[in-house]
Structures are given as structure tokens and as C-alpha cells.
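Here's the structure, in C-alpha cells; my notes come after.
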Amino acid sequence: MNPTLGNGAHRTVITGWGAVTPLALDAGTTWKELLAGRSGIGPVTAFDCSDLPTRIAGEVDGFDGAAYLGHQQRRRMDRYSQYAYVAATEALAQSGLPLDEATAARTGVLIGSGYGPTSAQAGYLQVLWEKGPRAVSPLASVAGAIDSAAGEISMGFGLTGPSRALSSACASGTDALGEAMRWIRHGVVDAVVAGGSEDIITRIDMASTGNAKALSRRNDDPQAASRPFDEDRDGFVMSAGSAVAVLESAGSAQARGAAILAEVVGYASTSDAHHRTAPHPEGRGVRAAMRGALDDARVAPDAVGYVNAHGTSTVLNDAGELAAIRAVLGDHATTIPISSTKSMTGHLIGGTGALEALVATRVLGDGAVPPTINCHRPIAADINFVAHEAQEHDVDVVLSNSFGFGGHNASLVLRRWRG
């Protein structure tokens, strides 16, 4: 067993996962629901959206912060922070990472989010307007900051390694995991609690994104609204939730006898430098991210056994991503499954890349690939989009993609643990 990559670099493994999603309040049940092809999309219930063009979303149903957090924690934490904290709690419990003074000093926290605590910010602004400045909480500057989730996790578990936020729109969760791998690879820390979280089902976010014509308007049939790689797609579905992993150096995980779920072997990120919302027409940044991740992993394109596509259900993204996958994988793209779990979860924005890395981990371990539901008229007849139902595949390497507004692109390569 070799816990290093040579030149003093450390291999990075995953030993725990946690999740709070539109499908379930934990990682294991979320995975079961994905394999069953169930949708978590429905009418918005959190507020009145009768005057909005899109009135559907992937809400987190049944979440009660009081079941997981103390009263003072809940008072100062936006829902995005609460989701991340609960997911981190589950991930740490699965990993069995001992949190004594020594290990805590060598454990970092890195949580990605595209928007951060928008509900908290809106609430503080409303208090200011209605009651004046003296009524604004002295914690507003802290609880309303995008690093609030990372700070709460660090303080809650006594983790004294580096703690920070990362924001790169829809690529945030993937970037957080990739950068965490780099921390471990270069010996900055031995472990990182890393992932992404989002809670953007608000009137302003739904109105803004809807006005940009990026959201599906299939309000009368919400479970059929997210339809990646289908000819009849008309936009993505906004969702809330979080996925968080415990990443460790292979040497540390092996020394304590931890169960290793997968290895993170490659990562790359690029920028289109093209447009605030539209992808580059030639997909240059997307292709560079995928190629860079494979090169970083020292994995040949024909070794990839499954692609968890970004697959948002928008006209431009789906077509552009598929063209990029073909360019990078060549004819091999027609021999492997390529699916988008956003067909069931919707788009968790900053949380989506982490959730899809969780999916990649389970595919490697379970030999099952979740479907792309609602893919009735696939945009390419020669591609296996895993339409409607899960499929069994023995997969050794997964490529997971995330691309976001602002031209952010990120790809991860995960591999079955070889020891």
C-alpha cells in the first residue's frame, strides 16, 4: 500500500459523507431515492410565488433544525449553514475521525456556496427598514457572511485547521472538494470537512433567475420539469440542500483503520472568460477542465467508466457539455453511461457538485448508476443517458462535472480505492 503519490505528495481518500437534499435528510436515503428514480421537485411552499414565472423548486421537506442544533445555533444560522452543519455531522460520524486536540489542529473546513446566507441577509435588511438600525442584530455581519457555514462547523467541532468559504457559482461544491484534495496532497492538513451548501429558494432569487429565462416554467408538472439531455428541456429547477464529505490523507485513514469509500485522484478548474450566464460557444473552458482533471489523475480518457454530467436541463448547457464530453472522451463516450441526477434533485447551485461527488462515490462502491429521468427524447441516440431507470455497471473511474454562471468550470476524477 502506497499512501503517497511521490515527491512527498499525499493521496486523498473519502471516509464519510453527509447530505440534506430535496430527496431526503441523509446521504444513504438520498442515494436510495436516486437509484429509484424519484423526483424531489414540487410546488414552492416556503412563500407566495403566484406572481413569479416559475413556481416550482426542490425544497428540503421535513427539515427541523431543532432536531440537530441548539437554540442559540439556530438563531444565528441561515438555513444554508444549518444544512451544511447537519451534513457535516453525518459525514464526521460515518468517517469515525477522532477529534482530539492533535487531529483537530490538522483538520480543515472548506464549504462552497454560490449565494451563501441570502435568507439571513434579506431578514436583516427587512428589520433595518421596518425597525431601524438599533434593531439589527450585532451578529448580522457574521451570520450574514458566506463563510458562516464553515465557521459554524469549525467552532461546533473544534476544528482548528484552516477554515474558509469558496464561491464559484454552480462549481462551488466541486471546487471545494478539489481544493481540499490539494490541501491534503501538499500536506497542509491531514483531513478536511469539505462540500457545498445552498438555500436560494427565495422570492428574489426565483424572480431574478426566472427573469433571466434560465428556469423551467413547467409549473403544472413539476416532477417532469428537470429533463437533462431531453429535446423538450426548457430550463433548470432551483433547489436547496447540502452535501459534505470527510476527506483524509490515505496514510492517516489507513493508520486508524478507517473504511475508505473512494479516492479523489484528479481535479481541475478553468474559466470561460466569455459571458456572465452563457457557456462558451466552443466549450473551451469545459473541455480544458475535464482534460485537466484527467491529466491530474494520470487517467486516460478510455479509463472513465461513468460521467456524472452537470446536465442542468438548459438548452445551451446540455448540448455544449455533451459536445465537450465527446471531444475529450472520443468514441469512448458512446460506450459508457452518462447521466444527470439533477433530473431528480434539481440544481443545488453551490451544493450540487458535492452532491454529485457523493453520487460518484456510491457508483464506485455499489456498481449501480442512477438514471436521468424525464429523458424521453434524448438529444443523441448513440449516448447512454441511463434514461428512466438505474443500470448496473462495474465502474472503476468516475468523471464528475460542474459548470456555473460567470464561466466557472470544475471537474473531479474519483477512483475506486485500490489500497
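Identifiers in the C-alpha cells: chain A, B, ... in order shown; residue index from 1 per chain; ligand index from 1 in order shown.
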
So that each row is one residue of range 58-134 of chain A with an atom at most 9 Å from range 30-46 of chain A, can you give its shortest atom pair and the distance in Å to one decimal, using only C-alpha atoms, rows by chain and rising number, as a Markdown table?
```
| residue | atom | partner | partner_atom | distance |
| --- | --- | --- | --- | --- |
| A:Gly58 | CA | A:Ile41 | CA | 4.5 |
| A:Glu59 | CA | A:Val44 | CA | 7.2 |
| A:Val60 | CA | A:Gly40 | CA | 8.5 |
```

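Listed by chain and then by rising number, the residues of range 104-223 of chain A that DSSP assigns to strand (DSSP E or B) from the backbone are Thr107, Gly108, Val109, Leu110, Ile111, Gly112, Ser163, Arg164, Ala165, Leu166, Ser168, Cys170, Ala191, Val192, Val193, Ala194, Gly195, Gly196, Ser197, Glu198 and Leu215 of chain A.
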
Just write the chosen residues, C-alpha atoms, as a tab-separated table (two decimals), in the first residue's frame.
```
chain	number	residue	atom	x	y	z
A	107	THR	CA	-8.31	19.18	10.12
A	108	GLY	CA	-9.62	21.97	7.92
A	109	VAL	CA	-13.06	23.08	6.80
A	110	LEU	CA	-13.93	24.25	3.27
A	111	ILE	CA	-17.57	24.86	2.33
A	112	GLY	CA	-18.59	26.12	-1.08
A	163	SER	CA	-11.44	27.22	7.76
A	164	ARG	CA	-12.88	29.13	4.84
A	165	ALA	CA	-15.59	29.55	2.23
A	166	LEU	CA	-15.31	29.18	-1.52
A	168	SER	CA	-17.66	29.88	-7.79
A	170	CYS	CA	-22.54	26.24	-9.62
A	191	ALA	CA	-8.22	15.88	6.82
A	192	VAL	CA	-10.82	18.34	5.53
A	193	VAL	CA	-14.54	18.62	6.11
A	194	ALA	CA	-15.50	19.83	2.62
A	195	GLY	CA	-18.55	20.23	0.45
A	196	GLY	CA	-21.21	22.67	-0.64
A	197	SER	CA	-24.49	24.11	0.58
A	198	GLU	CA	-27.26	26.35	-0.71
A	215	LEU	CA	-35.64	28.27	-15.10
```

**Request:** Determine the nearest neighbour of Arg326 in chain A from the options A:Asp382, A:Asp147, A:Asp296, A:Asp366, counting only C-alpha atoms.
**Result:**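 When distances to Arg326 in chain A are compared using only C-alpha atoms, the smallest one comes from A:Asp382.
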
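For the pair CA of Ile383 in chain A and CA of Ala333 in chain A, the interatomic distance is 7.1 Å.
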
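If only C-alpha atoms are the atoms counted, then among A:Pro133, A:Gly311, A:Pro22, A:Gly16 the closest residue to Pro228 in chain A is A:Gly311.
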
**Minimum-distance residue to Arg377 in chain A, chosen among A:Glu231, A:Tyr306, A:Gly419, A:Gly365 (using only C-alpha atoms)** =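 Closest to Arg377 in chain A of all the choices is A:Glu231.
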
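Excluding Arg55 in chain A and any residue on its chain fewer than 6 positions from it, the residues at most 9 Å away by only C-alpha atoms are Gly42, Pro43, Val44, Asp48, Cys49, Met206, Arg217, Arg218, Asn219 and Pro222 of chain A.
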
**Request:** Among the residues of range 91-272 of chain A, find those DSSP assigns to alpha helix (DSSP H) from the backbone and print them as an NGL selection string.
**Result:** :A and (91-95 or 101-105 or 118-131 or 140-143 or 148-157 or 172-185 or 203-211 or 250-255)

**Request:** Check the smallest atom-to-atom distance from each of A:Ala135, A:Leu364, A:Met155, A:Ala27 to Gln73 in chain A using only C-alpha atoms, then report the winner.
**Result:**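 Distance minimum relative to Gln73 in chain A lands on A:Met155.
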
**Message:** From the options A:Thr29, A:Tyr115, A:Leu99, A:Ser172, which residue's atoms come nearest to Gly156 in chain A, counting only C-alpha atoms?
**Reply:** A:Leu99

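Among the candidates A:Val413, A:Leu358, A:Val369, A:Ala253, the residue lying nearest to Ala293 in chain A is A:Val413 (atoms considered: only C-alpha atoms).
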
Spatial neighbours of His388 in chain A, max dist 9 Å, only C-alpha atoms, sep filter under 3 positions, as an mmCIF file with C-alpha atoms, in the first residue's frame:
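What follows is the written file out_30.cif:
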```
data_model
loop_
_atom_site.group_PDB
_atom_site.id
_atom_site.type_symbol
_atom_site.label_atom_id
_atom_site.label_comp_id
_atom_site.auth_asym_id
_atom_site.auth_seq_id
_atom_site.Cartn_x
_atom_site.Cartn_y
_atom_site.Cartn_z
ATOM 1 C CA GLY A 37 -35.605 7.400 -9.949
ATOM 2 C CA PRO A 370 -28.594 6.421 -11.163
ATOM 3 C CA PRO A 371 -30.856 7.415 -14.045
ATOM 4 C CA THR A 372 -31.637 10.564 -15.948
ATOM 5 C CA ILE A 373 -35.397 10.647 -15.514
ATOM 6 C CA ASN A 374 -37.643 12.554 -17.936
ATOM 7 C CA CYS A 375 -35.242 11.808 -20.789
ATOM 8 C CA HIS A 376 -37.958 10.734 -23.235
ATOM 9 C CA PHE A 385 -28.103 8.698 -20.742
#
```

**Request:** Compile the contact shell of Gly116 in chain A as a VMD selection string: residues with an atom at most 12 Å away, counting only C-alpha atoms, same-chain residues fewer than 4 positions apart removed.
**Result:** chain A and resid 77 to 84 111 to 112 120 to 122 142 to 150 165 to 169 172 196 to 201 205 240 to 242 348 to 351

With C-alpha atoms retained, export the selected residues as a tab-separated table (two decimals), in the first residue's frame.
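This went into part_11.tsv:
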```
chain	number	residue	atom	x	y	z
A	77	MET	CA	-27.54	30.33	11.42
A	78	ASP	CA	-29.12	30.76	8.00
A	79	ARG	CA	-30.70	27.60	6.60
A	80	TYR	CA	-27.78	27.19	4.21
A	81	SER	CA	-25.47	27.00	7.25
A	82	GLN	CA	-27.82	24.62	9.05
A	83	TYR	CA	-27.92	22.26	6.10
A	84	ALA	CA	-24.12	22.25	5.87
A	111	ILE	CA	-17.57	24.86	2.33
A	112	GLY	CA	-18.59	26.12	-1.08
A	120	ALA	CA	-30.44	35.88	6.65
A	121	GLN	CA	-29.32	38.91	4.66
A	122	ALA	CA	-32.88	39.56	3.47
A	142	VAL	CA	-21.04	37.26	10.88
A	143	ALA	CA	-24.21	35.23	10.31
A	144	GLY	CA	-24.83	37.04	7.03
A	145	ALA	CA	-21.40	36.23	5.61
A	146	ILE	CA	-20.69	33.46	3.14
A	147	ASP	CA	-18.11	31.90	5.48
A	148	SER	CA	-20.71	31.39	8.21
A	149	ALA	CA	-21.24	27.68	7.46
A	150	ALA	CA	-17.51	26.93	7.57
A	165	ALA	CA	-15.59	29.55	2.23
A	166	LEU	CA	-15.31	29.18	-1.52
A	167	SER	CA	-17.68	30.68	-4.09
A	168	SER	CA	-17.66	29.88	-7.79
A	169	ALA	CA	-21.37	29.72	-8.60
A	172	SER	CA	-18.55	25.80	-5.79
A	196	GLY	CA	-21.21	22.67	-0.64
A	197	SER	CA	-24.49	24.11	0.58
A	198	GLU	CA	-27.26	26.35	-0.71
A	199	ASP	CA	-30.67	27.72	0.21
A	200	ILE	CA	-31.70	30.05	-2.61
A	201	ILE	CA	-35.40	29.29	-2.84
A	205	ASP	CA	-33.57	34.56	-6.39
A	240	ALA	CA	-31.81	23.71	-1.74
A	241	GLY	CA	-29.60	21.39	0.28
A	242	SER	CA	-26.08	20.34	1.09
A	348	LEU	CA	-28.47	22.87	-5.73
A	349	ILE	CA	-26.15	25.52	-7.24
A	350	GLY	CA	-23.19	25.65	-4.80
A	351	GLY	CA	-24.18	22.33	-3.25
```

Can you pull out every residue within 12 Å of Ile336 in chain A, counting only C-alpha atoms, but drop anything in the same chain fewer than 5 positions away, and send it as an mmCIF file with N, CA and C atoms, in the first residue's frame?
```cif
data_model
loop_
_atom_site.group_PDB
_atom_site.id
_atom_site.type_symbol
_atom_site.label_atom_id
_atom_site.label_comp_id
_atom_site.auth_asym_id
_atom_site.auth_seq_id
_atom_site.Cartn_x
_atom_site.Cartn_y
_atom_site.Cartn_z
ATOM 1 N N PRO A 301 -8.536 8.899 -20.985
ATOM 2 C CA PRO A 301 -9.976 9.075 -21.201
ATOM 3 C C PRO A 301 -10.745 7.761 -21.302
ATOM 4 N N ASP A 302 -10.135 6.733 -21.904
ATOM 5 C CA ASP A 302 -10.873 5.480 -22.071
ATOM 6 C C ASP A 302 -10.941 4.653 -20.786
ATOM 7 N N ALA A 303 -10.354 5.174 -19.692
ATOM 8 C CA ALA A 303 -10.480 4.503 -18.394
ATOM 9 C C ALA A 303 -11.722 4.969 -17.638
ATOM 10 N N VAL A 304 -12.332 6.066 -18.071
ATOM 11 C CA VAL A 304 -13.528 6.579 -17.397
ATOM 12 C C VAL A 304 -14.683 5.610 -17.619
ATOM 13 N N GLY A 305 -15.335 5.216 -16.523
ATOM 14 C CA GLY A 305 -16.436 4.258 -16.625
ATOM 15 C C GLY A 305 -17.803 4.875 -16.485
ATOM 16 N N TYR A 306 -17.868 6.130 -16.039
ATOM 17 C CA TYR A 306 -19.155 6.813 -15.873
ATOM 18 C C TYR A 306 -18.894 8.308 -15.793
ATOM 19 N N VAL A 307 -19.759 9.089 -16.413
ATOM 20 C CA VAL A 307 -19.704 10.543 -16.299
ATOM 21 C C VAL A 307 -20.962 11.008 -15.586
ATOM 22 N N ASN A 308 -20.780 11.643 -14.421
ATOM 23 C CA ASN A 308 -21.902 12.339 -13.805
ATOM 24 C C ASN A 308 -21.892 13.738 -14.386
ATOM 25 N N ILE A 325 -17.857 16.511 -23.837
ATOM 26 C CA ILE A 325 -17.580 15.124 -23.430
ATOM 27 C C ILE A 325 -17.114 14.313 -24.627
ATOM 28 N N ARG A 326 -17.778 14.495 -25.754
ATOM 29 C CA ARG A 326 -17.345 13.778 -26.965
ATOM 30 C C ARG A 326 -15.927 14.189 -27.360
ATOM 31 N N LEU A 329 -13.542 12.533 -24.548
ATOM 32 C CA LEU A 329 -13.540 11.068 -24.443
ATOM 33 C C LEU A 329 -13.555 10.369 -25.798
ATOM 34 N N GLY A 330 -13.842 11.102 -26.868
ATOM 35 C CA GLY A 330 -13.879 10.494 -28.193
ATOM 36 C C GLY A 330 -14.985 9.461 -28.298
ATOM 37 N N ASP A 331 -14.757 8.408 -29.075
ATOM 38 C CA ASP A 331 -15.765 7.362 -29.279
ATOM 39 C C ASP A 331 -16.101 6.631 -27.980
ATOM 40 N N VAL A 369 -25.632 2.786 -11.411
ATOM 41 C CA VAL A 369 -25.619 4.157 -11.925
ATOM 42 C C VAL A 369 -27.037 4.706 -11.881
ATOM 43 N N ASP A 382 -26.927 7.896 -29.775
ATOM 44 C CA ASP A 382 -25.809 6.980 -29.546
ATOM 45 C C ASP A 382 -25.231 7.079 -28.134
ATOM 46 N N ILE A 383 -25.822 7.905 -27.266
ATOM 47 C CA ILE A 383 -25.322 8.087 -25.904
ATOM 48 C C ILE A 383 -26.255 7.397 -24.916
ATOM 49 N N ASN A 384 -25.674 6.690 -23.968
ATOM 50 C CA ASN A 384 -26.454 6.042 -22.910
ATOM 51 C C ASN A 384 -26.657 7.037 -21.769
ATOM 52 N N PHE A 385 -27.788 7.735 -21.792
ATOM 53 C CA PHE A 385 -28.103 8.698 -20.742
ATOM 54 C C PHE A 385 -28.739 8.036 -19.522
ATOM 55 N N VAL A 386 -28.776 6.702 -19.499
ATOM 56 C CA VAL A 386 -29.387 5.950 -18.389
ATOM 57 C C VAL A 386 -30.827 6.457 -18.185
ATOM 58 N N GLN A 391 -29.035 1.609 -13.828
ATOM 59 C CA GLN A 391 -28.397 0.477 -14.511
ATOM 60 C C GLN A 391 -27.231 -0.033 -13.682
ATOM 61 N N GLU A 392 -26.933 -1.311 -13.830
ATOM 62 C CA GLU A 392 -25.771 -1.899 -13.172
ATOM 63 C C GLU A 392 -24.545 -1.737 -14.072
ATOM 64 N N HIS A 393 -23.484 -1.184 -13.493
ATOM 65 C CA HIS A 393 -22.212 -1.031 -14.212
ATOM 66 C C HIS A 393 -21.079 -1.170 -13.200
ATOM 67 N N ASP A 394 -20.074 -1.935 -13.546
ATOM 68 C CA ASP A 394 -18.890 -2.059 -12.712
ATOM 69 C C ASP A 394 -17.940 -0.924 -13.095
ATOM 70 N N VAL A 395 -17.888 0.098 -12.260
ATOM 71 C CA VAL A 395 -17.171 1.326 -12.592
ATOM 72 C C VAL A 395 -15.947 1.482 -11.696
ATOM 73 N N ASP A 396 -14.807 1.784 -12.298
ATOM 74 C CA ASP A 396 -13.571 1.982 -11.557
ATOM 75 C C ASP A 396 -13.191 3.451 -11.455
ATOM 76 N N VAL A 397 -13.609 4.258 -12.458
ATOM 77 C CA VAL A 397 -13.265 5.680 -12.501
ATOM 78 C C VAL A 397 -14.501 6.486 -12.903
ATOM 79 N N VAL A 398 -14.754 7.567 -12.163
ATOM 80 C CA VAL A 398 -15.873 8.466 -12.475
ATOM 81 C C VAL A 398 -15.345 9.870 -12.736
ATOM 82 N N LEU A 399 -15.886 10.501 -13.770
ATOM 83 C CA LEU A 399 -15.632 11.912 -14.045
ATOM 84 C C LEU A 399 -16.897 12.681 -13.684
#
```

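Across the model, the gap from CA of Pro378 in chain A to CA of Ala214 in chain A is 20.0 Å.
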